[in-house]
Amino acid sequence: MQNKIKSQRFIWIDIMLTLLSLAVMEYFYYGSRTLVLGGICIAAALVSEIISLRLMNRKFTADDLTCISDSLILFLMLPSVFDFKIAAIASVFAVVVSKNIFGGRKNTIFSPAAAAYVFLLTSWHGNVLMYSPPHVHTGVFDKTENLVSSASHIFNISGRMDYSNFEILMGNFSGAPGAVSILLLSVSAAVLLLRRDISAGAFIGTIAGTAFLAFFVPVCSNQWDSLKYTMSTNMVLFAAIYIVADRRTAPQRNYYAFFYGFFIAAFSYILVLTTAKENAIVIVSVLFTPVALGFRNLEKRIDSLVKEEKDAEDLWEAIKSGEVQLPEIEEVEADE
Amino acid sequence: MFLISELVVLLGTNLILSQALGISTLFVAAGSRKNLLWTAITISFFTTAGSFGACLVNSLLPDSLYDLRLLLYVLIIGALYVILLTVLYFADRKNFGTTRKYVHVSAFNCAVMGTLFTISDKAAADPSLDNLGSYIAAGAEAGTGFILAAFFLMAGFGRLNSKEVPAAFRGFPSMLVYLGIISMAIYALI
Amino acid sequence: MNRKNSVFDGFIRDNAVLSGLMVISPIIVCGDTVMNAIAMIYAFSAITFISVLAGAFIPKKLSYGVKTIILAAIGAVVYIPVKFAAYDFFPSVMERTGIYFMLIAVNSLITVHAQVKFYRMPKGKMTVSLISHILGFDVVLFIISVIRELVAYGTFCGRIVDADVIISGLGMPFGGFILLGLCCGIYRSIVGAVRKNDDSAGGDSDVSDF
């Protein structure tokens, strides 16, 4: 038990480290406003976590700091010029509505950050999907006049991306600041996979599903370009790591988690292909929550069946070895 | 690809998640997984067979008597209600006590009546849909949507009734929020 | 004390919407503005009150299924004059409420609750209980519509209010789902707390009575 608690905390620390490295990258590209935005998201999440736990008559423990990582995931998906008040509302939504109403960290049904992002998309669609270009540093209370659409949006519509491989790797293109640094995200994915902090099955399933479809049903004329651009746009890599492969929501067995990730990838890829829906993977991951829950129910049933079978085998072995003696038939009849 | 596009359409036109039709019935049936599934199937019967009747009413009813439409739909569903109960009684008397409950719950509710009105309004707006085939197809689609929503709820049933959920939110309130978030994702998708 | 509780249960303790989750579709879809809500309150109150009272004269010997069909038919008949009157009172709202105005006629308070609860009471008590149930629905719909209109559109009865942040999603059906879920939870915790207090008070009286 002690080890389990420790390992959960180590998972959180690992995830926080990778998220903070992405936040540093965001600061490099967009300046000090991002720090304030991140701070507001964290503060709102923390305060709402403490208050809601208090209302639920539960103690706030170190494990409840997961609300910080959730708010950081949300922050990294937001434009650097995003409104502070709306970001705070979204953080509260992530913690209270999409997590604590269902019982908090022990019974997480939706990925809180993904649900909050979808909430933002439905109420502030224009604000969420307009970004300032990289290297445009905005003051804390300034507003950027020339906001642009993301590279993902342009790619979804035209099937083209006018960026070099180096720019794509370094995240030097417009889009959700935390989700464009492909090199850093790849390193984060490797670290988190090696440390078993994320569901390997779900992550590999998502990547495999996206890669398979991007190659065999390409968005553009060149299959390799389709593969490259599909993986680096629409938050595919970011969502695969921090949302789909979230151990709290993904199926526990890698076998089921793989198919869960694969289905999400296939569904979202086809949506991008047919409707040019930006960041479809985040929306689809929320929509596939019942699928994840269904897989988890199946796992539970399999586990209980395996346990029953094992108990029966143990009993049989015990009978064979004479450790347990079956009652005589007459005794049973007499009991009845 | 076709299947996924169809699934998106089915989700988008889902009367429970997009228009909240029949949500009360879904919750009444949510007492157990078995109830939920059988109620969903019975409602599908009513929406499909009822749409056949709605088509007949719409084609025969003059515009001047438009306001009688609700009453006529009620009578159609009433007739189906009696027919289904009779069939179930003669088909399996042993389990009639159980099966009739699903029929009682499924006959008169927003899911069934709402489907009939939605289909009629669509047919009135688009004359190409004003034929028996389209009516029955739309009725079956609405019923399938209800079954899909029931599956969504069944998948989360254990978690939403878990002791981890705060007592005040356990059960119906958390189910409402759960369906609300899924409905929100569908809205964002479409 | 007990009599008072049972008659007025429908208003707070046994609220049709928050406790029984009945007639929630119109709240989720149409309860996004106060004007819509007022029109729905009018339709629900008139149709339910007249239908349930008229249904009280249905012979009790009839089977449950037949009584349900007759009650739904009464609701559908009552709907016609109510609709004509509504066109005079709320001409602009009628278009927006759409099919939900009609669906009120087959709401579960008429088709289910009437037989399960109201018709088992004496007529006078039934009337008071019915009114309290209707008022319970009306109050919840009104409160939810006020919150949704203020937060989703930044208006109150169509007049612009100085709202800082507008959450347009709350005006959509999914916003109705989430807000109603939150309201149900809050209502349950309040009722739970009140019952706890009542129980402890009741416990004392039991002891003294004994």
# chains A, B, ... in the order shown; residues from 1 in each chain; ligands from 1
call {"tool": "interface_residues", "arguments": {"of": "chain C", "to": "chain A", "cutoff": "8 Å", "atoms": "only C-alpha atoms", "output": "number ranges by chain"}}
result
C: 165, 167-169
call {"tool": "write_last_selection", "arguments": {"atoms": "N, CA and C atoms", "output": "mmCIF file, in the first residue's frame"}}
result
data_model
loop_
_atom_site.group_PDB
_atom_site.id
_atom_site.type_symbol
_atom_site.label_atom_id
_atom_site.label_comp_id
_atom_site.auth_asym_id
_atom_site.auth_seq_id
_atom_site.Cartn_x
_atom_site.Cartn_y
_atom_site.Cartn_z
ATOM 1 N N VAL C 165 -18.516 37.886 -17.593
ATOM 2 C CA VAL C 165 -18.166 36.743 -18.447
ATOM 3 C C VAL C 165 -19.441 36.003 -18.822
ATOM 4 N N ILE C 167 -21.013 32.570 -20.361
ATOM 5 C CA ILE C 167 -20.716 31.165 -20.690
ATOM 6 C C ILE C 167 -21.840 30.677 -21.586
ATOM 7 N N SER C 168 -21.653 30.847 -22.893
ATOM 8 C CA SER C 168 -22.765 30.570 -23.819
ATOM 9 C C SER C 168 -23.198 29.104 -23.796
ATOM 10 N N GLY C 169 -22.281 28.217 -23.445
ATOM 11 C CA GLY C 169 -22.608 26.787 -23.420
ATOM 12 C C GLY C 169 -23.734 26.447 -22.456
#
call {"tool": "closest_atom_pairs", "arguments": {"of": "chain B", "to": "chain A", "cutoff": "8 Å", "atoms": "only C-alpha atoms", "output": "CSV"}}
result
residue,atom,partner,partner_atom,distance
B:Met1,CA,A:Ile270,CA,6.6
B:Ile4,CA,A:Phe267,CA,6.6
B:Ser5,CA,A:Leu271,CA,7.9
B:Phe152,CA,A:Pro290,CA,5.4
B:Leu153,CA,A:Pro290,CA,7.8
B:Ala155,CA,A:Gly294,CA,5.0
B:Gly156,CA,A:Leu293,CA,6.1
B:Arg159,CA,A:Asn107,CA,6.9
B:Leu160,CA,A:Phe102,CA,6.6
B:Glu164,CA,A:Gly103,CA,4.8
B:Val165,CA,A:Gly103,CA,3.9
B:Pro166,CA,A:Gly103,CA,6.0
B:Phe169,CA,A:Ile101,CA,6.6
B:Arg170,CA,A:Phe102,CA,7.9
B:Ser174,CA,A:Phe102,CA,6.4
B:Val177,CA,A:Val97,CA,7.5
B:Ile181,CA,A:Ala115,CA,7.1
B:Ile182,CA,A:Leu287,CA,5.7
B:Met184,CA,A:Phe119,CA,7.0
B:Ala185,CA,A:Ile283,CA,5.6
B:Ile186,CA,A:Leu287,CA,7.1
B:Tyr187,CA,A:Thr122,CA,7.2
B:Ala188,CA,A:Thr122,CA,5.6
B:Leu189,CA,A:Ile283,CA,6.7
call {"tool": "write_last_selection", "arguments": {"atoms": "N, CA and C atoms", "output": "short mmCIF file (atom, residue, chain, number, x, y, z; two decimals), in the first residue's frame"}}
result
data_model
loop_
_atom_site.label_atom_id
_atom_site.label_comp_id
_atom_site.auth_asym_id
_atom_site.auth_seq_id
_atom_site.Cartn_x
_atom_site.Cartn_y
_atom_site.Cartn_z
N MET B 1 -14.66 4.10 -42.81
CA MET B 1 -14.86 5.55 -42.85
C MET B 1 -16.36 5.88 -42.87
N ILE B 4 -17.87 5.27 -39.44
CA ILE B 4 -17.57 6.34 -38.47
C ILE B 4 -18.42 7.58 -38.77
N SER B 5 -18.56 7.90 -40.06
CA SER B 5 -19.41 9.05 -40.42
C SER B 5 -20.85 8.81 -39.97
N PHE B 152 -24.19 4.02 -23.06
CA PHE B 152 -23.30 5.02 -22.45
C PHE B 152 -23.50 5.02 -20.93
N LEU B 153 -24.77 5.01 -20.54
CA LEU B 153 -25.10 5.07 -19.12
C LEU B 153 -24.72 3.76 -18.42
N ALA B 155 -22.31 1.77 -19.22
CA ALA B 155 -20.85 1.68 -19.08
C ALA B 155 -20.39 2.41 -17.82
N GLY B 156 -21.04 3.53 -17.52
CA GLY B 156 -20.61 4.31 -16.36
C GLY B 156 -21.40 4.01 -15.10
N ARG B 159 -19.48 3.15 -11.81
CA ARG B 159 -18.68 4.28 -11.32
C ARG B 159 -19.54 5.41 -10.80
N LEU B 160 -20.70 5.63 -11.46
CA LEU B 160 -21.55 6.75 -11.06
C LEU B 160 -22.33 6.45 -9.78
N GLU B 164 -17.43 6.14 -3.80
CA GLU B 164 -16.50 7.27 -3.88
C GLU B 164 -17.21 8.57 -4.26
N VAL B 165 -18.32 8.44 -4.97
CA VAL B 165 -19.06 9.64 -5.39
C VAL B 165 -19.74 10.23 -4.15
N PRO B 166 -19.64 11.55 -3.93
CA PRO B 166 -20.29 12.15 -2.76
C PRO B 166 -21.78 11.77 -2.72
N PHE B 169 -24.39 13.52 -4.74
CA PHE B 169 -24.30 13.44 -6.20
C PHE B 169 -24.38 12.01 -6.72
N ARG B 170 -24.41 11.04 -5.81
CA ARG B 170 -24.41 9.63 -6.24
C ARG B 170 -25.70 9.31 -7.00
N SER B 174 -25.06 12.66 -10.67
CA SER B 174 -23.80 12.41 -11.39
C SER B 174 -24.09 11.85 -12.79
N VAL B 177 -24.72 14.89 -14.98
CA VAL B 177 -23.48 15.59 -15.33
C VAL B 177 -22.68 14.75 -16.34
N ILE B 181 -21.63 16.02 -20.02
CA ILE B 181 -20.27 16.16 -20.57
C ILE B 181 -20.17 15.42 -21.92
N ILE B 182 -20.80 14.25 -22.00
CA ILE B 182 -20.78 13.54 -23.29
C ILE B 182 -21.55 14.32 -24.35
N MET B 184 -21.88 17.47 -24.39
CA MET B 184 -21.03 18.62 -24.71
C MET B 184 -19.98 18.23 -25.76
N ALA B 185 -19.41 17.04 -25.61
CA ALA B 185 -18.41 16.58 -26.59
C ALA B 185 -19.05 16.39 -27.96
N ILE B 186 -20.28 15.88 -27.97
CA ILE B 186 -20.98 15.70 -29.26
C ILE B 186 -21.24 17.06 -29.90
N TYR B 187 -21.63 18.02 -29.07
CA TYR B 187 -21.89 19.38 -29.58
C TYR B 187 -20.60 19.97 -30.16
N ALA B 188 -19.49 19.75 -29.46
CA ALA B 188 -18.20 20.28 -29.94
C ALA B 188 -17.79 19.62 -31.25
N LEU B 189 -18.20 18.37 -31.42
CA LEU B 189 -17.81 17.60 -32.60
C LEU B 189 -18.59 18.07 -33.83
#
call {"tool": "residues_around", "arguments": {"residues": "A:Asn146", "least_positions_apart": "5", "cutoff": "12 Å", "atoms": "only C-alpha atoms", "output": "PyMOL selection string"}}
result
chain A and resi 81+130-134+136+138
call {"tool": "residues_around", "arguments": {"residues": "B:Leu75", "least_positions_apart": "2", "cutoff": "12 Å", "atoms": "only C-alpha atoms", "output": "PyMOL selection string"}}
result
(chain B and resi 50+53-54+57+68-73+77-82+107-108+113) or (chain C and resi 66+68-77+106)
call {"tool": "residues_around", "arguments": {"residues": "stretch 32-49 of chain A", "least_positions_apart": "5", "cutoff": "7 Å", "atoms": "only C-alpha atoms", "output": "list of chain:residue names"}}
result
A:Tyr27, A:Cys67, A:Ile68, A:Ser71, A:Leu72, A:Phe75, A:Ser80, A:Phe84, A:Ala87, A:Ala88, A:Ser91, A:Val92, A:Val95, A:Val96, A:Thr138, A:Gly139, A:Val140
call {"tool": "residues_around", "arguments": {"residues": "stretch 143-151 of chain C", "least_positions_apart": "6", "cutoff": "7 Å", "atoms": "only C-alpha atoms", "output": "ChimeraX atom specification"}}
result
/C:31-34,37,166-167,170-171
call {"tool": "write_last_selection", "arguments": {"atoms": "C-alpha atoms", "output": "compact mmCIF listing (two decimals), in the first residue's frame"}}
result
# COMPACT_ATOMS: atom_id res chain seq x y z
CA GLY C 31 -35.32 26.52 -19.60
CA ASP C 32 -32.60 28.76 -21.04
CA THR C 33 -34.52 32.05 -20.84
CA VAL C 34 -37.03 33.44 -18.37
CA ALA C 37 -39.69 29.34 -18.72
CA ILE C 166 -20.75 34.97 -20.56
CA ILE C 167 -20.72 31.17 -20.69
CA LEU C 170 -24.94 27.00 -20.45
CA GLY C 171 -27.74 27.99 -22.82
call {"tool": "interface_residues", "arguments": {"of": "chain C", "to": "chain B", "cutoff": "9 Å", "atoms": "only C-alpha atoms", "output": "number ranges by chain"}}
result
C: 18, 20-26, 28-29, 64-66, 68-70, 72-77, 79-80, 83, 99-100, 102-108, 111-112, 169, 172-190, 192
call {"tool": "select_by_dssp", "arguments": {"residues": "stretch 189-328 of chain A", "states": "alpha helix (DSSP H)", "output": "number ranges by chain"}}
result
A: 189-194, 200-216, 223-232, 236-239, 254-275, 280-287, 289-321
call {"tool": "select_by_dssp", "arguments": {"residues": "stretch 73-255 of chain A", "states": "strand (DSSP E)", "output": "PyMOL selection string"}}
result
chain A and resi 130-131+148-149
